[in-house]
$ cat target-v4.cif   # mmCIF, C-alpha atoms
data_start
loop_
_atom_site.label_atom_id
_atom_site.label_comp_id
_atom_site.auth_asym_id
_atom_site.auth_seq_id
_atom_site.Cartn_x
_atom_site.Cartn_y
_atom_site.Cartn_z
CA MET A 12 52.10 -14.46 38.92
CA PRO A 13 51.55 -11.67 36.39
CA ALA A 14 54.61 -10.42 34.53
CA ARG A 15 55.96 -7.00 35.42
CA PHE A 16 57.83 -4.61 33.16
CA VAL A 17 60.27 -1.88 34.21
CA GLN A 18 60.35 0.94 31.67
CA LEU A 19 60.54 4.69 31.25
CA ALA A 20 57.23 6.37 31.96
CA THR A 21 55.24 8.07 29.20
CA SER A 22 52.83 10.99 29.26
CA GLU A 23 50.00 8.50 29.69
CA ASP A 24 51.41 7.44 33.07
CA VAL A 25 51.36 10.86 34.77
CA ASP A 26 48.12 10.34 36.71
CA ALA A 27 49.04 6.80 37.77
CA VAL A 28 52.46 7.94 39.01
CA GLN A 29 50.90 10.83 40.93
CA ARG A 30 48.41 8.48 42.59
CA ILE A 31 51.24 6.29 43.87
CA PHE A 32 53.41 9.18 45.09
CA ASN A 33 50.46 10.87 46.83
CA HIS A 34 48.98 7.75 48.40
CA SER A 35 48.46 8.24 52.13
CA GLU A 36 51.01 5.53 52.93
CA ASN A 37 53.67 7.08 50.67
CA SER A 38 53.34 10.86 50.66
CA ALA A 39 54.71 11.52 54.16
CA GLY A 40 57.91 9.62 53.43
CA LEU A 41 58.28 11.42 50.08
CA GLY A 42 58.08 14.92 51.53
CA GLY A 43 54.39 15.64 50.98
CA PHE A 44 52.13 16.23 47.99
CA THR A 45 53.71 15.83 44.53
CA LEU A 46 52.39 18.12 41.79
CA ARG A 47 51.21 16.66 38.51
CA GLU A 48 53.16 19.22 36.46
CA ALA A 49 56.41 18.30 38.23
CA ILE A 50 55.86 14.63 37.37
CA ALA A 51 55.05 15.48 33.74
CA GLN A 52 58.29 17.48 33.41
CA LYS A 53 60.33 14.62 34.85
CA ILE A 54 58.68 12.15 32.49
CA GLN A 55 59.38 14.37 29.50
CA ALA A 56 63.05 14.50 30.53
CA GLY A 57 63.22 10.68 30.75
CA GLN A 58 63.74 10.72 34.52
CA VAL A 59 60.84 8.54 35.67
CA LEU A 60 60.74 4.75 35.68
CA VAL A 61 57.59 2.73 36.29
CA VAL A 62 56.82 -0.90 37.02
CA MET A 63 53.88 -2.05 34.91
CA GLU A 64 51.96 -5.19 35.88
CA LEU A 65 50.30 -7.15 33.10
CA ARG A 66 46.77 -8.06 34.13
CA ILE A 67 45.81 -11.54 32.98
CA ALA A 68 42.14 -10.65 32.57
CA THR A 69 42.98 -7.84 30.14
CA LEU A 70 46.17 -8.86 28.36
CA ASP A 71 46.26 -5.64 26.36
CA LYS A 72 46.39 -3.44 29.46
CA SER A 73 48.83 -2.99 32.32
CA VAL A 74 48.75 -1.09 35.59
CA VAL A 75 51.46 1.01 37.26
CA VAL A 76 52.40 -0.63 40.59
CA GLY A 77 55.54 1.38 41.32
CA ALA A 78 57.34 4.52 40.18
CA SER A 79 60.61 6.30 40.77
CA GLU A 80 62.27 9.49 39.60
CA VAL A 81 65.89 10.61 39.55
CA GLY A 82 68.01 13.66 38.90
CA TYR A 83 71.50 14.06 37.43
CA ASP A 84 74.44 15.98 38.85
CA GLY A 85 76.95 16.84 36.12
CA LYS A 86 78.54 13.84 34.42
CA HIS A 87 79.26 11.90 37.57
CA ARG A 88 76.16 11.17 39.59
CA MET A 89 72.65 9.82 39.40
CA LYS A 90 70.59 11.06 42.35
CA MET A 91 67.67 8.93 43.47
CA GLN A 92 64.65 11.05 44.36
CA LEU A 93 61.07 9.82 44.80
CA VAL A 94 60.36 6.09 45.03
CA GLY A 95 56.78 4.90 45.56
CA VAL A 96 55.07 1.51 45.49
CA ASP A 97 51.38 0.60 45.45
CA PRO A 98 50.73 -0.38 49.10
CA GLU A 99 49.02 -3.59 47.95
CA LYS A 100 52.18 -4.60 46.08
CA LYS A 101 54.74 -3.95 48.79
CA ARG A 102 57.19 -6.66 49.90
CA GLN A 103 57.27 -7.96 46.31
CA ARG A 104 60.59 -6.27 45.43
CA VAL A 105 58.98 -3.59 43.28
CA ALA A 106 61.34 -0.98 44.74
CA THR A 107 64.30 -3.31 44.15
CA ALA A 108 63.29 -3.57 40.50
CA LEU A 109 63.13 0.23 40.25
CA TYR A 110 66.58 0.67 41.79
CA THR A 111 67.90 -2.02 39.45
CA GLY A 112 66.38 -0.27 36.45
CA TRP A 113 68.10 2.98 37.39
CA ALA A 114 71.37 1.14 38.00
CA LEU A 115 71.19 -0.20 34.45
CA VAL A 116 70.53 3.29 33.10
CA ALA A 117 73.38 4.69 35.19
CA ALA A 118 75.75 2.04 33.81
CA LEU A 119 74.68 2.75 30.22
CA ARG A 120 75.22 6.48 30.75
CA GLY A 121 78.60 6.04 32.42
CA ARG A 122 77.59 7.43 35.80
CA LEU A 123 80.23 6.94 38.47
CA HIS A 124 77.93 7.04 41.49
CA MET A 125 74.32 6.55 42.56
CA GLN A 126 73.20 8.67 45.51
CA ASP A 127 70.18 8.45 47.78
CA HIS A 128 69.12 10.75 50.61
CA ILE A 129 66.99 9.33 53.40
CA ILE A 130 65.75 10.63 56.75
CA GLY A 131 67.96 9.41 59.57
CA ASP A 132 65.21 7.57 61.47
CA ASN A 133 63.78 5.80 58.41
CA PRO A 134 63.19 2.25 59.69
CA HIS A 135 63.26 0.45 56.33
CA MET A 136 65.62 2.07 53.82
CA PRO A 137 69.02 1.54 55.52
CA GLY A 138 68.61 -2.24 55.37
CA HIS A 139 67.29 -2.10 51.81
CA LEU A 140 70.12 0.12 50.56
CA THR A 141 72.77 -1.99 52.29
CA LYS A 142 71.52 -5.09 50.46
CA LEU A 143 71.86 -3.21 47.17
CA GLY A 144 75.48 -2.31 47.89
CA PHE A 145 74.99 1.28 49.08
CA SER A 146 76.98 2.61 52.01
CA ARG A 147 76.21 5.57 54.27
CA ASP A 148 78.59 8.34 53.32
CA VAL A 149 77.47 11.54 55.06
CA VAL A 150 75.11 12.43 57.91
CA LEU A 151 73.77 15.99 57.95
CA ARG A 152 72.67 16.68 61.52
CA SER A 153 69.24 18.30 62.08
CA LYS A 154 69.02 19.07 58.36
CA VAL A 155 65.28 18.60 57.83
CA ARG A 156 62.14 19.54 59.70
CA ARG A 157 61.70 18.45 63.32
CA HIS A 158 65.52 18.49 63.57
CA LYS A 159 65.91 15.11 61.93
CA ASP A 160 69.15 14.00 60.30
CA LEU A 161 69.51 13.60 56.54
CA CYS A 162 71.74 10.70 55.48
CA LEU A 163 73.53 10.44 52.14
CA TRP A 164 73.97 6.89 50.85
CA VAL A 165 76.26 6.16 47.89
CA LYS A 166 76.83 3.28 45.48
CA HIS A 167 80.09 3.45 43.47
CA LEU A 168 79.40 1.85 40.11
CA TYR A 169 82.94 2.10 38.77
CA ASP A 170 84.21 -0.57 41.17
CA ALA A 171 81.13 -2.25 42.65
CA GLY A 172 79.31 -3.19 39.44
CA LEU A 173 75.70 -4.33 39.23
CA THR A 174 75.71 -7.74 40.88
CA ASP A 175 74.05 -6.56 44.09
CA PHE A 176 71.09 -5.31 42.05
CA TYR A 177 70.09 -8.04 39.67
CA ARG A 178 70.79 -10.90 42.05
CA ARG A 179 67.84 -9.62 44.08
CA VAL A 180 65.38 -9.20 41.21
CA PRO A 181 62.88 -12.08 40.79
CA PRO A 182 62.50 -13.47 37.26
CA ARG A 183 59.00 -12.04 36.83
CA TYR A 184 60.52 -8.58 36.23
CA GLN A 185 61.38 -7.66 32.64
CA PHE A 186 63.49 -4.57 31.93
CA ASP A 187 62.45 -2.71 28.80
CA ILE A 188 65.37 -0.28 28.71
CA GLU A 189 67.09 0.72 25.46
CA ASP A 190 70.65 1.89 24.93
CA THR A 191 70.06 5.25 23.25
CA GLU A 192 72.45 7.57 21.45
CA LYS A 193 72.16 9.98 24.37
CA TYR A 194 73.26 7.27 26.80
CA ARG A 195 76.22 6.34 24.59
CA SER A 196 77.27 9.97 24.27
CA ASN A 197 77.09 10.44 28.03
CA PHE A 198 79.22 7.34 28.56
CA ILE A 199 81.90 8.44 26.09
CA ASP A 200 82.11 11.86 27.77
CA THR A 201 82.67 10.34 31.22
CA TYR A 202 85.05 7.68 29.93
CA THR A 203 87.15 10.30 28.13
CA MET A 204 87.18 12.49 31.23
CA LEU A 205 88.54 9.64 33.38
CA VAL A 206 91.27 8.81 30.88
CA GLN A 207 92.32 12.45 30.66
CA MET A 208 92.56 12.49 34.47
CA GLY A 209 94.83 9.44 34.37
CA ARG A 210 92.19 7.20 35.97
CA ASN A 211 92.52 4.45 33.39
CA ALA A 212 91.62 1.65 35.78
CA ASP A 213 88.37 3.38 36.78
CA ALA A 214 87.59 4.06 33.12
CA HIS A 215 88.06 0.37 32.34
CA PHE A 216 85.75 -0.74 35.14
CA LEU A 217 83.16 1.81 34.05
CA ARG A 218 83.25 0.26 30.61
CA VAL A 219 83.01 -3.28 32.02
CA THR A 220 79.95 -2.22 34.04
CA ARG A 221 78.34 -0.85 30.88
CA GLU A 222 78.98 -4.14 29.08
CA GLU A 223 77.47 -6.01 32.03
CA ALA A 224 74.32 -3.92 31.76
CA LEU A 225 74.01 -4.55 28.02
CA GLU A 226 74.60 -8.26 28.45
CA TYR A 227 72.09 -8.53 31.30
CA LEU A 228 69.41 -6.72 29.30
CA GLN A 229 70.02 -9.07 26.38
CA LEU A 230 69.94 -12.22 28.53
CA GLN A 231 66.84 -11.44 30.56
CA SER A 232 64.80 -10.48 27.51
CA ASN A 233 64.25 -14.21 27.05
CA ARG A 234 62.27 -15.73 29.90
CA LEU A 235 64.10 -19.04 29.94
CA LEU A 236 67.48 -17.35 30.03
CA ARG A 237 66.21 -14.96 32.68
CA GLU A 238 65.17 -17.84 34.95
CA GLU A 239 68.52 -19.53 34.42
CA LEU A 240 70.29 -16.27 35.25
CA TYR A 241 68.23 -15.89 38.41
CA THR A 242 69.16 -19.33 39.73
CA SER A 243 72.81 -19.67 38.83
CA ARG A 244 74.11 -18.00 35.68
CA MET A 245 75.88 -14.67 35.55
CA PRO A 246 76.99 -12.82 32.39
CA GLN A 247 80.46 -13.87 31.23
CA THR A 248 81.81 -10.38 31.84
CA LEU A 249 80.91 -10.78 35.53
CA VAL A 250 82.87 -14.02 35.74
CA GLU A 251 85.84 -12.36 34.08
CA ARG A 252 85.50 -9.37 36.36
CA SER A 253 85.42 -11.42 39.55
CA ILE A 254 88.19 -13.96 38.90
CA THR A 255 90.43 -12.65 36.13
CA PRO A 256 93.12 -9.99 36.63
CA VAL A 257 93.01 -7.41 33.85
CA VAL A 258 96.31 -5.83 32.87
CA GLY A 259 96.32 -2.68 30.79
CA VAL A 260 93.68 -0.32 29.50
CA HIS A 261 93.55 1.11 26.00
CA HIS A 262 91.94 4.53 25.69
CA THR A 263 90.45 3.73 22.27
CA CYS A 264 88.54 0.67 23.53
CA ILE A 265 85.34 2.40 24.57
CA LEU A 266 82.18 0.72 23.37
CA GLY A 267 83.55 -2.72 22.51
CA SER A 268 83.49 -4.72 19.33
CA GLY A 269 81.93 -8.03 20.34
CA VAL A 270 85.27 -9.40 21.54
CA SER A 271 85.71 -10.51 25.14
CA LEU A 272 86.54 -7.45 27.22
CA VAL A 273 89.56 -9.11 28.79
CA GLU A 274 90.87 -10.46 25.49
CA GLU A 275 90.38 -7.10 23.81
CA CYS A 276 92.28 -5.19 26.48
CA ARG A 277 95.11 -7.71 26.46
CA ALA A 278 95.27 -7.52 22.69
CA CYS A 279 95.69 -3.75 22.45
CA ASN A 280 98.71 -1.72 23.42
CA PRO A 281 98.03 -0.27 26.86
CA VAL A 282 98.47 3.41 27.46
CA GLU A 283 99.39 2.63 31.05
CA GLU A 284 99.55 -0.70 32.84
CA HIS A 285 97.58 -1.43 36.00
CA ASP A 286 96.98 -4.58 38.01
CA VAL A 287 93.22 -4.51 38.38
CA TYR A 288 91.11 -7.06 40.19
CA GLY A 289 87.30 -6.97 40.14
#

$ encode --input "target-v4.cif" --output "structure tokens"
Amino acid sequence: MPARFVQLATSEDVDAVQRIFNHSENSAGLGGFTLREAIAQKIQAGQVLVVMELRIATLDKSVVVGASEVGYDGKHRMKMQLVGVDPEKKRQRVATALYTGWALVAALRGRLHMQDHIIGDNPHMPGHLTKLGFSRDVVLRSKVRRHKDLCLWVKHLYDAGLTDFYRRVPPRYQFDIEDTEKYRSNFIDTYTMLVQMGRNADAHFLRVTREEALEYLQLQSNRLLREELYTSRMPQTLVERSITPVVGVHHTCILGSGVSLVEECRACNPVEEHDVYG
């Protein structure tokens, strides 16, 4: 099967993204017609991910088979917005790859939560979101047209991690996502805020989740390692997170230094001790 790449959209992808969002099988579920200018603004802000499929017949070209856009709410939340898949490519986990791509970005940026709003009678999304670790948090009765409910689903990244996402992504998907200075700055702001609030345990888990994202992106960049990861192997930080109690969090240990996260936190003098289990 052709390889697929999950990456931030560029200005060249505007028309392809609009075609997917406005396809007759997608537009009704996305709230109607999506304007080209709105997509272009989202792309310029780095808030649109696409799944590109490499066509074997023309190795130098790829085609957009899925797209998704998000919004941000302060320092805490990433809000899922439009998600569309080429109807001919549905049931191939394109949407799962898009959600996973945004989860990786959210982890790199230090976002505490991912949110998604869906119509209450949507027949597909509740099952999909549950498999990705989301839980229904709020139901707004008769909120949208035709008196339908609007349901808020939430994924808490600071304690749930990323396992639910990348365990469901087939090995054909490659994530071309870079850790930028903006992402690092966002993470430090949120981490510092949690420490100042006395939420050292949450700050530590937020940092562990960021390290998981970086390690996953490094591992799956090599196809052989990606296939091994898909069948059985998880990043070492996940193993430590799931079976090793972590005692103590040091507020100066933010971005890591190549040392095992658990060893590093045990080695430094904790500001405040916690018994934390992943």

$ closest_residue --input "target-v4.cif" --among "A:Leu140, A:Val59, A:Ala78, A:Ile199" --to "Arg30 (chain A)" --atoms "only C-alpha atoms"
A:Ala78

$ closest_residue --input "target-v4.cif" --among "A:Phe186, A:Phe32, A:Tyr202, A:Trp164" --to "Val17 (chain A)" --atoms "only C-alpha atoms"
A:Phe186

$ closest_residue --input "target-v4.cif" --among "A:Ala51, A:His124, A:Lys101, A:Ala106" --to "Asp84 (chain A)" --atoms "all atoms listed in the file"
A:His124

$ closest_residue --input "target-v4.cif" --among "A:Tyr169, A:Asn197, A:Leu230, A:Phe145" --to "Tyr83 (chain A)" --atoms "only C-alpha atoms"
A:Asn197

$ resolve_selection --input "target-v4.cif" --expression "the PyMOL selection byres ((chain A and resi 95) around 9)" --output "ChimeraX atom specification"
/A:28,31-34,37-38,41,76-79,93-94,96-98,106

$ atom_distance --input "target-v4.cif" --atom1 "CA of Thr107 (chain A)" --atom2 "CA of Asp187 (chain A)"
15.5 Å

$ residues_near_point --input "target-v4.cif" --point "(66.9, 9.4, 34.2)" --cutoff "9 Å" --atoms "only C-alpha atoms" --output "list in words"
Leu19, Lys53, Ile54, Ala56, Gly57, Gln58, Val59, Leu60, Glu80, Val81, Gly82, Tyr83, Met89, Trp113, Val116 and Ala117 of chain A

$ closest_residue --input "target-v4.cif" --among "A:Pro181, A:Gly144, A:Gly40, A:Gly172" --to "Leu115 (chain A)" --atoms "only C-alpha atoms"
A:Gly172

$ resolve_selection --input "target-v4.cif" --expression "the PyMOL selection byres ((chain A and resi 141) around 12)" --output "list in words"
Thr107, Asp127, His135, Met136, Pro137, Gly138, His139, Leu140, Lys142, Leu143, Gly144, Phe145, Ser146, Arg147, Asp148, Trp164, Val165, Lys166, Asp175 and Phe176 of chain A

$ residues_near_point --input "target-v4.cif" --point "(76.4, -4.6, 37.4)" --cutoff "7 Å" --atoms "only C-alpha atoms" --output "MDAnalysis selection string"
chainID A and resid 172:174 220 223:224

$ atom_distance --input "target-v4.cif" --atom1 "CA of Arg120 (chain A)" --atom2 "CA of Arg195 (chain A)"
6.2 Å

$ atom_distance --input "target-v4.cif" --atom1 "CA of Phe16 (chain A)" --atom2 "CA of Met91 (chain A)"
19.7 Å

$ closest_residue --input "target-v4.cif" --among "A:Lys90, A:Leu65, A:Asp24, A:Glu99" --to "Glu36 (chain A)" --atoms "all atoms listed in the file"
A:Glu99

$ residues_around --input "target-v4.cif" --residues "Met12 (chain A)" --least-positions-apart "4" --cutoff "10 Å" --atoms "only C-alpha atoms" --output "list in words"
Glu64, Leu65, Arg66, Ile67 and Arg183 of chain A

$ residues_around --input "target-v4.cif" --residues "Leu161 (chain A)" --least-positions-apart "3" --cutoff "6 Å" --atoms "only C-alpha atoms" --output "mmCIF file with C-alpha atoms, in the frame of the given file"
data_model
loop_
_atom_site.group_PDB
_atom_site.id
_atom_site.type_symbol
_atom_site.label_atom_id
_atom_site.label_comp_id
_atom_site.auth_asym_id
_atom_site.auth_seq_id
_atom_site.Cartn_x
_atom_site.Cartn_y
_atom_site.Cartn_z
ATOM 1 C CA ILE A 129 66.990 9.330 53.400
ATOM 2 C CA ILE A 130 65.750 10.630 56.750
ATOM 3 C CA GLY A 131 67.960 9.410 59.570
ATOM 4 C CA VAL A 150 75.110 12.430 57.910
ATOM 5 C CA LEU A 151 73.770 15.990 57.950
ATOM 6 C CA LYS A 154 69.020 19.070 58.360
#

$ decode --input "target-v4.cif" --residues "region 41-58 of chain A" --atoms "C-alpha atoms" --output "tab-separated table (two decimals), in the first residue's frame"
chain	number	residue	atom	x	y	z
A	41	LEU	CA	-19.00	19.65	9.27
A	42	GLY	CA	-21.66	22.34	9.48
A	43	GLY	CA	-21.97	23.24	5.80
A	44	PHE	CA	-19.79	24.96	3.21
A	45	THR	CA	-16.23	25.88	4.29
A	46	LEU	CA	-14.78	29.05	2.76
A	47	ARG	CA	-11.41	28.95	1.06
A	48	GLU	CA	-10.20	32.08	2.89
A	49	ALA	CA	-11.00	30.53	6.27
A	50	ILE	CA	-8.91	27.47	5.38
A	51	ALA	CA	-6.04	29.64	4.14
A	52	GLN	CA	-6.00	31.58	7.44
A	53	LYS	CA	-5.94	28.37	9.46
A	54	ILE	CA	-3.10	27.00	7.35
A	55	GLN	CA	-1.09	30.19	7.80
A	56	ALA	CA	-1.54	29.88	11.56
A	57	GLY	CA	-0.29	26.26	11.52
A	58	GLN	CA	-3.68	24.86	12.54
